[in-house]
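J.: My file is input-v7.txt. It has compact mmCIF, C-alpha atoms and all ligand atoms:
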```
# COMPACT_ATOMS: atom_id res chain seq x y z
CA MET R 254 -30.42 -14.89 33.93
CA TYR R 255 -34.09 -14.48 33.11
CA THR R 256 -37.16 -15.15 35.27
CA LEU R 257 -39.59 -17.63 33.76
CA ILE R 258 -43.13 -16.33 34.22
CA ASP R 259 -45.02 -19.35 35.52
CA GLY R 260 -48.60 -18.81 34.36
CA LYS R 261 -49.56 -22.29 35.39
CA LYS R 262 -48.57 -21.67 39.01
CA VAL R 263 -50.22 -18.25 39.21
CA ALA R 264 -53.38 -19.63 37.60
CA SER R 265 -53.59 -22.44 40.13
CA GLU R 266 -53.23 -19.93 42.99
CA ILE R 267 -56.11 -17.91 41.55
CA LYS R 268 -58.16 -21.08 41.04
CA ARG R 269 -57.70 -21.92 44.69
CA GLU R 270 -58.95 -18.45 45.65
CA ILE R 271 -62.01 -18.96 43.41
CA ALA R 272 -62.68 -22.43 44.87
CA ASP R 273 -62.57 -20.92 48.38
CA GLU R 274 -65.12 -18.32 47.30
CA VAL R 275 -67.38 -21.09 45.93
CA LYS R 276 -67.16 -22.87 49.30
CA ARG R 277 -68.28 -19.68 51.00
CA ILE R 278 -71.16 -19.35 48.49
CA ILE R 279 -72.27 -22.91 49.23
CA ASP R 280 -72.04 -22.39 53.00
CA ALA R 281 -74.13 -19.24 52.69
CA ASN R 282 -76.72 -21.12 50.62
CA GLU R 283 -76.30 -18.73 47.72
CA LYS R 284 -76.55 -19.64 44.05
CA ILE R 285 -73.54 -21.52 42.69
CA PRO R 286 -72.00 -19.75 39.64
CA HIS R 287 -73.10 -21.41 36.40
CA LEU R 288 -71.22 -20.90 33.12
CA ALA R 289 -72.52 -22.11 29.75
CA ALA R 290 -70.52 -22.58 26.55
CA ILE R 291 -71.85 -22.91 23.02
CA LEU R 292 -69.72 -24.88 20.57
CA VAL R 293 -70.64 -24.99 16.88
CA GLY R 294 -69.07 -27.61 14.63
CA ASP R 295 -66.06 -29.83 15.23
CA ASN R 296 -62.98 -27.59 15.00
CA GLY R 297 -60.24 -29.47 16.93
CA SER R 298 -58.78 -26.49 18.81
CA SER R 299 -62.24 -25.19 19.71
CA GLN R 300 -63.25 -28.60 21.10
CA THR R 301 -60.11 -28.67 23.23
CA TYR R 302 -60.63 -25.10 24.49
CA VAL R 303 -64.25 -25.73 25.43
CA ALA R 304 -63.41 -29.03 27.14
CA HIS R 305 -60.81 -27.13 29.21
CA LYS R 306 -63.37 -24.52 30.17
CA VAL R 307 -65.81 -27.18 31.39
CA LYS R 308 -63.05 -28.95 33.33
CA ASP R 309 -61.95 -25.65 34.92
CA CYS R 310 -65.53 -25.03 36.09
CA GLU R 311 -65.66 -28.46 37.71
CA GLU R 312 -62.33 -27.90 39.44
CA VAL R 313 -63.45 -24.72 41.20
CA GLY R 314 -66.97 -25.99 41.94
CA PHE R 315 -68.94 -23.99 39.33
CA ARG R 316 -71.81 -25.51 37.42
CA SER R 317 -71.30 -25.71 33.67
CA THR R 318 -73.41 -26.49 30.63
CA LEU R 319 -72.04 -27.32 27.21
CA ILE R 320 -74.37 -26.73 24.27
CA ARG R 321 -73.28 -28.26 20.96
CA PHE R 322 -74.57 -27.60 17.47
CA GLU R 323 -73.72 -29.09 14.09
CA LYS R 324 -71.62 -26.86 11.85
CA ASP R 325 -74.54 -26.26 9.47
CA ILE R 326 -76.89 -24.87 12.13
CA PRO R 327 -78.81 -21.87 10.73
CA GLU R 328 -77.69 -18.54 12.18
CA SER R 329 -81.24 -17.86 13.39
CA ASP R 330 -81.26 -21.05 15.52
CA LEU R 331 -78.03 -20.01 17.17
CA LEU R 332 -79.39 -16.51 17.83
CA ASN R 333 -82.53 -18.06 19.36
CA LYS R 334 -80.42 -20.16 21.72
CA ILE R 335 -78.49 -17.06 22.74
CA SER R 336 -81.66 -15.18 23.53
CA GLU R 337 -82.82 -18.13 25.64
CA LEU R 338 -79.57 -18.06 27.61
CA ASN R 339 -79.86 -14.27 27.97
CA THR R 340 -83.06 -14.70 29.98
CA ASP R 341 -82.26 -18.00 31.72
CA LYS R 342 -81.94 -17.12 35.41
CA GLU R 343 -79.91 -20.26 36.12
CA ILE R 344 -77.10 -19.20 33.74
CA ASP R 345 -74.86 -16.41 35.09
CA GLY R 346 -72.69 -16.05 32.03
CA PHE R 347 -71.95 -17.79 28.74
CA ILE R 348 -69.56 -17.83 25.83
CA VAL R 349 -69.88 -18.73 22.17
CA GLN R 350 -66.63 -20.37 21.12
CA LEU R 351 -65.01 -18.72 18.07
CA PRO R 352 -64.36 -19.11 15.19
CA LEU R 353 -67.87 -19.80 13.87
CA PRO R 354 -68.65 -21.36 10.47
CA ILE R 355 -68.51 -18.74 7.72
CA HIS R 356 -72.28 -18.62 7.11
CA ILE R 357 -72.71 -17.21 10.64
CA SER R 358 -71.88 -13.57 11.39
CA GLU R 359 -69.60 -13.46 14.45
CA ASN R 360 -70.42 -9.80 14.98
CA LYS R 361 -74.15 -10.47 14.97
CA VAL R 362 -73.68 -13.33 17.43
CA ILE R 363 -71.50 -11.29 19.79
CA GLU R 364 -73.90 -8.34 19.69
CA SER R 365 -76.84 -10.60 20.54
CA ILE R 366 -75.30 -11.64 23.89
CA ASP R 367 -76.60 -9.75 26.93
CA PRO R 368 -73.55 -7.69 28.03
CA SER R 369 -74.21 -8.64 31.67
CA LYS R 370 -73.66 -12.31 30.69
CA ASP R 371 -70.83 -11.70 28.19
CA VAL R 372 -68.05 -13.26 30.26
CA ASP R 373 -65.75 -13.27 27.20
CA GLY R 374 -65.89 -9.47 27.21
CA PHE R 375 -66.35 -9.40 23.44
CA HIS R 376 -69.60 -7.37 23.30
CA PRO R 377 -69.10 -3.77 22.12
CA VAL R 378 -70.61 -2.54 25.40
CA ASN R 379 -67.94 -4.33 27.43
CA LEU R 380 -65.17 -3.31 25.03
CA GLY R 381 -66.45 0.29 25.19
CA LYS R 382 -66.41 0.21 28.99
CA MET R 383 -62.84 -1.10 28.90
CA VAL R 384 -61.77 1.74 26.57
CA ILE R 385 -63.08 4.42 28.94
CA GLY R 386 -61.96 2.58 32.09
CA LEU R 387 -65.39 1.61 33.45
CA PRO R 388 -65.90 -1.73 35.20
CA GLY R 389 -67.12 -4.49 32.88
CA PHE R 390 -65.93 -7.86 31.64
CA LEU R 391 -62.39 -7.82 30.23
CA PRO R 392 -61.47 -10.24 27.43
CA ALA R 393 -59.81 -13.24 29.08
CA THR R 394 -56.36 -13.19 27.45
CA PRO R 395 -55.64 -9.46 27.95
CA TYR R 396 -57.01 -9.75 31.51
CA GLY R 397 -54.67 -12.70 32.16
CA ILE R 398 -51.65 -10.88 30.72
CA VAL R 399 -52.25 -7.83 32.92
CA GLU R 400 -52.66 -10.07 35.97
CA LEU R 401 -49.35 -11.86 35.23
CA ILE R 402 -47.55 -8.53 34.84
CA LYS R 403 -48.98 -7.34 38.17
CA ARG R 404 -48.28 -10.55 40.09
CA TYR R 405 -44.64 -10.55 38.90
CA ARG R 406 -44.42 -6.83 39.82
CA ILE R 407 -43.16 -5.95 36.35
CA GLU R 408 -42.84 -2.17 36.03
CA THR R 409 -44.94 -0.79 33.15
CA GLY R 410 -45.02 2.94 33.96
CA GLY R 411 -43.32 4.90 31.16
CA LYS R 412 -42.04 1.70 29.53
CA ASN R 413 -42.04 1.18 25.77
CA CYS R 414 -44.44 -1.62 25.11
CA VAL R 415 -44.78 -3.10 21.63
CA VAL R 416 -47.84 -5.25 20.91
CA ILE R 417 -47.44 -7.43 17.83
CA GLY R 418 -50.88 -8.10 16.33
CA ARG R 419 -54.14 -6.16 16.38
CA SER R 420 -56.84 -8.81 16.87
CA ASN R 421 -60.10 -7.86 18.59
CA ILE R 422 -59.57 -10.46 21.29
CA VAL R 423 -55.88 -9.94 22.19
CA GLY R 424 -53.70 -7.31 20.51
CA ARG R 425 -56.11 -4.38 20.39
CA PRO R 426 -57.55 -4.77 23.92
CA VAL R 427 -54.20 -5.47 25.61
CA SER R 428 -52.76 -2.34 23.97
CA ILE R 429 -55.59 -0.30 25.51
CA LEU R 430 -55.22 -1.83 28.98
CA LEU R 431 -51.46 -1.26 29.11
CA SER R 432 -51.78 2.41 28.16
CA GLN R 433 -54.43 3.10 30.80
CA LYS R 434 -53.80 5.11 33.96
CA GLY R 435 -52.19 2.81 36.51
CA MET R 436 -50.41 0.70 33.87
CA ASP R 437 -49.05 3.84 32.15
CA ALA R 438 -47.06 2.15 29.38
CA THR R 439 -46.27 3.89 26.10
CA VAL R 440 -47.81 1.42 23.67
CA THR R 441 -47.11 0.81 19.99
CA VAL R 442 -49.21 -1.69 18.04
CA VAL R 443 -47.40 -3.25 15.07
CA HIS R 444 -49.01 -5.42 12.38
CA SER R 445 -48.59 -6.87 8.91
CA ARG R 446 -48.49 -3.41 7.26
CA THR R 447 -46.02 -1.84 9.71
CA LYS R 448 -42.77 -0.50 8.23
CA ASN R 449 -39.51 -1.31 10.01
CA ILE R 450 -41.25 -3.77 12.32
CA ASN R 451 -37.97 -5.29 13.54
CA GLY R 452 -36.54 -1.87 14.41
CA ILE R 453 -39.65 -0.95 16.42
CA ILE R 454 -39.68 -4.25 18.31
CA ARG R 455 -35.97 -3.81 19.11
CA GLU R 456 -36.82 -0.59 21.03
CA ALA R 457 -39.35 -2.38 23.26
CA ASP R 458 -38.96 -2.77 27.01
CA ILE R 459 -42.01 -5.06 26.92
CA ILE R 460 -42.99 -7.19 23.93
CA ILE R 461 -46.44 -8.78 23.69
CA ALA R 462 -46.37 -11.22 20.76
CA ALA R 463 -49.91 -12.02 19.62
CA LEU R 464 -49.83 -12.59 15.89
CA GLY R 465 -50.09 -16.38 15.67
CA SER R 466 -46.90 -16.97 13.71
CA PRO R 467 -44.62 -19.65 15.22
CA SER R 468 -41.21 -18.33 16.38
CA PHE R 469 -41.73 -14.95 14.66
CA VAL R 470 -39.82 -13.04 17.37
CA LYS R 471 -36.10 -13.80 16.95
CA ALA R 472 -33.23 -12.97 19.32
CA GLU R 473 -31.92 -10.15 17.10
CA MET R 474 -35.30 -8.38 17.40
CA VAL R 475 -35.16 -8.26 21.20
CA LYS R 476 -33.40 -5.68 23.36
CA GLU R 477 -31.21 -6.94 26.20
CA GLY R 478 -33.32 -7.06 29.40
CA ALA R 479 -36.71 -6.96 27.68
CA VAL R 480 -39.86 -8.54 29.11
CA VAL R 481 -41.42 -10.95 26.58
CA ILE R 482 -45.02 -12.16 26.80
CA ASP R 483 -45.80 -14.87 24.22
CA VAL R 484 -49.49 -15.27 23.36
CA GLY R 485 -48.98 -17.60 20.39
CA THR R 486 -50.59 -21.05 20.49
CA THR R 487 -50.18 -22.52 17.02
CA ARG R 488 -50.40 -26.29 16.63
CA VAL R 489 -47.26 -27.34 14.76
CA ASN R 490 -46.91 -30.90 13.46
CA THR R 491 -44.19 -32.95 15.09
CA PRO R 492 -43.35 -36.66 15.41
CA GLU R 493 -42.25 -35.96 19.03
CA THR R 494 -45.73 -36.15 20.60
CA LYS R 495 -48.54 -38.69 20.74
CA THR R 496 -51.01 -36.23 19.26
CA GLY R 497 -48.67 -35.48 16.34
CA TRP R 498 -48.55 -31.75 17.13
CA LYS R 499 -47.24 -29.38 19.77
CA LEU R 500 -48.28 -25.88 20.82
CA THR R 501 -45.79 -23.36 19.53
CA GLY R 502 -45.49 -19.74 20.61
CA ASP R 503 -44.77 -16.62 18.55
CA VAL R 504 -41.30 -16.35 20.14
CA ASP R 505 -38.15 -18.32 19.33
CA PHE R 506 -37.90 -19.14 23.05
CA VAL R 507 -34.54 -20.93 23.15
CA ASN R 508 -32.65 -18.05 21.57
CA VAL R 509 -34.71 -15.15 22.92
CA ALA R 510 -34.92 -16.18 26.61
CA PRO R 511 -31.21 -15.54 27.45
CA LYS R 512 -31.68 -11.84 26.48
CA CYS R 513 -34.79 -11.33 28.63
CA SER R 514 -35.43 -10.15 32.18
CA PHE R 515 -38.79 -12.00 32.17
CA ILE R 516 -40.33 -14.35 29.61
CA THR R 517 -43.43 -16.56 29.40
CA PRO R 518 -43.15 -20.14 28.14
CA VAL R 519 -45.58 -21.82 25.71
CA PRO R 520 -47.35 -23.81 27.01
CA GLY R 521 -47.64 -22.77 30.68
CA GLY R 522 -47.49 -18.99 30.33
CA VAL R 523 -50.43 -16.95 29.11
CA GLY R 524 -52.73 -19.92 28.30
CA PRO R 525 -53.55 -20.96 31.89
CA MET R 526 -54.13 -17.28 32.76
CA THR R 527 -56.65 -16.95 29.93
CA ARG R 528 -58.56 -19.92 31.30
CA VAL R 529 -58.61 -18.62 34.86
CA SER R 530 -59.66 -15.14 33.73
CA LEU R 531 -62.84 -16.59 32.25
CA LEU R 532 -63.57 -18.14 35.65
CA LYS R 533 -63.00 -14.76 37.31
CA ASN R 534 -65.46 -13.15 34.90
CA ALA R 535 -68.01 -15.89 35.53
CA LEU R 536 -67.65 -15.42 39.29
CA ALA R 537 -68.08 -11.65 38.86
CA ALA R 538 -71.17 -12.22 36.67
CA SER R 539 -72.78 -14.35 39.35
CA LYS R 540 -71.85 -11.83 42.07
CA ASN R 541 -73.41 -9.00 40.05
CA LYS R 542 -76.63 -10.99 39.86
CA ARG R 543 -76.70 -11.76 43.58
N1 LIG R 601 -61.50 -18.47 20.33
C1 LIG R 601 -60.21 -18.23 20.64
N2 LIG R 601 -60.13 -17.64 21.84
C2 LIG R 601 -61.39 -17.50 22.29
C3 LIG R 601 -61.95 -16.97 23.49
O1 LIG R 601 -61.27 -16.47 24.39
N3 LIG R 601 -63.30 -17.04 23.59
C4 LIG R 601 -64.09 -17.55 22.61
N4 LIG R 601 -65.40 -17.55 22.78
N5 LIG R 601 -63.59 -18.05 21.49
C5 LIG R 601 -62.25 -18.02 21.34
```
Please render this file's structure as structure tokens.
Ligand code: GUN
T.:
Amino acid sequence: MYTLIDGKKVASEIKREIADEVKRIIDANEKIPHLAAILVGDNGSSQTYVAHKVKDCEEVGFRSTLIRFEKDIPESDLLNKISELNTDKEIDGFIVQLPLPIHISENKVIESIDPSKDVDGFHPVNLGKMVIGLPGFLPATPYGIVELIKRYRIETGGKNCVVIGRSNIVGRPVSILLSQKGMDATVTVVHSRTKNINGIIREADIIIAALGSPSFVKAEMVKEGAVVIDVGTTRVNTPETKTGWKLTGDVDFVNVAPKCSFITPVPGGVGPMTRVSLLKNALAASKNKR
């Protein structure tokens, strides 16, 4: 019988801890953490993500500011807004929701954010600090995954961990965190050009599926007793829901779960942990400034 990793429950515990800290901040008459988010255009998933971030801030007592631009905003206007936020003493940290329209360089945007306000942990300075194990902001999803693994006391030392996907915001950074001293996993990153991908995944004690392909991981690819962390959140059309779609993970949950020791559901696994990790980074940003 497998243990279902309840990201929703863990995230609400952490949110409560953050809310308590905000109460203490208010009692001490210190500055309340203030997170800003920039949203460009009208991508449906991005609107949902940003709305969640604002709601999360309200729930723990942070201030939040949402800045919206039309999808045809010139890159220079966006960069100007970022430099304003960089020097705005009221704002402790901010994020620019990705993806951006194609006429805007995501790299240029990310590099223009002051690393001390880069609560997404996407700036090369923060990623560099992560690589060499210095304190900095960790990207929210990898940070949330590591926290889940720790809170469920899942052993990683010497374990074979296979990360499926090499994105800058999930696969690559989580592979680095899991191989670091303290986590001590032996990590393999597999991707679209990997040979014998099924054979490699079948050797894994821990599978992190972060490729964005619904139900990619099938039961025959999973070793008996494996730990499976599903990062996929693809919207798949269905007549079953009011919205006409449902979030679907990268793991064929129904068939894979019976082989696992631990597994995350979608939704309710990694997603809530990603959201709460951003709050933790925002709290840390405001602490660093105090
Ligand atoms: N798009 C998908 N995930 C993220 C995230 O964590 N942060 C930002 N800024 N954009 C995203």
J.: Using all atoms listed in the file, which residues of the polymer chains come no farther than 7 Å from ligand LIG 601 (chain R)? I'd like the answer as a PyMOL selection string.
T.: chain R and resi 299+348-352+373+392-394+422
J.: Select, from R:Gly485, R:Gly386, R:Gly260, R:Gly502, the residue with the minimum atom-to-atom distance to R:Gly424, counting only C-alpha atoms.
T.: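 Of the candidates, the smallest distance to R:Gly424 is held by R:Gly485.
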J.: Stretch 256-347 of chain R near stretch 360-371 of chain R within 7 Å: what's each residue's closest atom pair and its distance in Å to one decimal, counting only C-alpha atoms, ordered by chain then ascending residue number, as a tab-separated table?
T.:
```
residue	atom	partner	partner_atom	distance
R:Leu332	CA	R:Val362	CA	6.5
R:Ile335	CA	R:Ile366	CA	6.4
R:Asn339	CA	R:Asp367	CA	5.7
R:Asp345	CA	R:Lys370	CA	6.1
R:Gly346	CA	R:Lys370	CA	4.1
R:Phe347	CA	R:Lys370	CA	6.1
```
J.: Rounded to one decimal, what separation in Å do you get between atom CA of R:Cys310 and atom CA of R:Leu532?
T.: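 Those two atoms sit 7.2 Å apart.
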J.: Starting from the point (-31.4, -15.7, 28.5), work out which residues of protein, DNA or RNA have an atom no more than 9 Å away when counting only C-alpha atoms; state them as a list in words.
T.: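 All residues meeting the 9 Å criterion around (-31.4, -15.7, 28.5) are Met254, Tyr255, Thr256, Gly478, Val507, Asn508, Val509, Ala510, Pro511, Lys512, Cys513 and Ser514 of chain R.
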J.: To one decimal place, how far is atom CA of R:Tyr405 from atom CA of R:Leu531 in Å?
T.: 20.3 Å
J.: Rank R:Ile357, R:Ala537, R:Val481, R:Ala289 by their smallest atom-to-atom distance to R:Glu337, using all atoms listed in the file, and report the top residue only.
T.: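 Closest candidate: R:Ala289.
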J.: Quick one: pull the distance between atom CA of R:Pro525 and atom CA of R:Ile279, Å, one decimal.
T.: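 Spanning atom CA of R:Pro525 to atom CA of R:Ile279 is a straight-line distance of 25.6 Å.
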J.: Select, from R:Asp273, R:Glu328, R:Glu400, R:Glu477, the residue with the minimum atom-to-atom distance to R:Ser530, counting only C-alpha atoms.
T.: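 The closest residue to R:Ser530 is R:Glu400.
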J.: Dump stretch 485-507 of chain R with N, CA, C and O atoms to a file, as a compact mmCIF listing (two decimals), in the first residue's frame.
T.:
```txt
# COMPACT_ATOMS: atom_id res chain seq x y z
N GLY R 485 3.72 17.37 -13.37
CA GLY R 485 2.92 17.75 -14.54
C GLY R 485 1.62 18.48 -14.17
O GLY R 485 0.96 18.11 -13.18
N THR R 486 1.29 19.50 -14.95
CA THR R 486 0.01 20.20 -14.74
C THR R 486 -0.52 20.63 -16.10
O THR R 486 -0.67 21.82 -16.37
N THR R 487 -0.82 19.64 -16.95
CA THR R 487 -1.34 19.97 -18.27
C THR R 487 -2.87 20.04 -18.20
O THR R 487 -3.49 19.19 -17.54
N ARG R 488 -3.43 21.06 -18.85
CA ARG R 488 -4.89 21.14 -18.91
C ARG R 488 -5.37 20.23 -20.04
O ARG R 488 -5.04 20.45 -21.20
N VAL R 489 -6.13 19.20 -19.69
CA VAL R 489 -6.64 18.27 -20.69
C VAL R 489 -8.16 18.44 -20.78
O VAL R 489 -8.85 18.46 -19.76
N ASN R 490 -8.65 18.57 -22.00
CA ASN R 490 -10.10 18.77 -22.20
C ASN R 490 -10.89 17.56 -21.72
O ASN R 490 -10.48 16.42 -21.94
N THR R 491 -12.00 17.85 -21.05
CA THR R 491 -12.88 16.78 -20.58
C THR R 491 -14.30 17.33 -20.42
O THR R 491 -14.47 18.48 -20.00
N PRO R 492 -15.31 16.51 -20.70
CA PRO R 492 -16.68 16.95 -20.45
C PRO R 492 -17.05 16.82 -18.98
O PRO R 492 -18.12 17.27 -18.56
N GLU R 493 -16.15 16.22 -18.16
CA GLU R 493 -16.47 15.93 -16.75
C GLU R 493 -16.54 17.18 -15.86
O GLU R 493 -17.12 17.13 -14.78
N THR R 494 -15.89 18.27 -16.26
CA THR R 494 -15.83 19.43 -15.36
C THR R 494 -16.54 20.63 -15.97
O THR R 494 -16.75 20.70 -17.18
N LYS R 495 -16.85 21.60 -15.08
CA LYS R 495 -17.54 22.81 -15.51
C LYS R 495 -16.67 23.63 -16.46
O LYS R 495 -17.14 24.23 -17.40
N THR R 496 -15.36 23.66 -16.13
CA THR R 496 -14.45 24.47 -16.96
C THR R 496 -14.20 23.83 -18.33
O THR R 496 -13.73 24.49 -19.24
N GLY R 497 -14.47 22.53 -18.45
CA GLY R 497 -14.20 21.83 -19.71
C GLY R 497 -12.79 21.25 -19.79
O GLY R 497 -12.39 20.68 -20.80
N TRP R 498 -12.01 21.39 -18.70
CA TRP R 498 -10.67 20.80 -18.67
C TRP R 498 -10.35 20.33 -17.26
O TRP R 498 -10.99 20.73 -16.30
N LYS R 499 -9.35 19.45 -17.17
CA LYS R 499 -8.86 19.08 -15.83
C LYS R 499 -7.33 19.01 -15.86
O LYS R 499 -6.74 18.69 -16.90
N LEU R 500 -6.73 19.31 -14.70
CA LEU R 500 -5.27 19.24 -14.60
C LEU R 500 -4.85 17.79 -14.63
O LEU R 500 -5.39 16.96 -13.90
N THR R 501 -3.88 17.49 -15.48
CA THR R 501 -3.43 16.11 -15.62
C THR R 501 -1.92 16.04 -15.43
O THR R 501 -1.17 16.84 -16.01
N GLY R 502 -1.49 15.11 -14.60
CA GLY R 502 -0.07 14.96 -14.29
C GLY R 502 0.68 14.20 -15.38
O GLY R 502 0.10 13.74 -16.37
N ASP R 503 1.99 14.05 -15.17
CA ASP R 503 2.84 13.32 -16.11
C ASP R 503 2.87 11.82 -15.81
O ASP R 503 3.62 11.07 -16.44
N VAL R 504 2.10 11.40 -14.79
CA VAL R 504 2.12 10.01 -14.35
C VAL R 504 0.73 9.40 -14.51
O VAL R 504 -0.27 10.03 -14.16
N ASP R 505 0.69 8.19 -15.03
CA ASP R 505 -0.57 7.43 -15.14
C ASP R 505 -0.90 6.93 -13.73
O ASP R 505 -0.64 5.78 -13.37
N PHE R 506 -1.48 7.84 -12.92
CA PHE R 506 -1.60 7.64 -11.46
C PHE R 506 -2.28 6.32 -11.10
O PHE R 506 -1.77 5.55 -10.26
N VAL R 507 -3.41 6.03 -11.73
CA VAL R 507 -4.22 4.87 -11.32
C VAL R 507 -3.40 3.57 -11.40
O VAL R 507 -3.46 2.73 -10.49
```
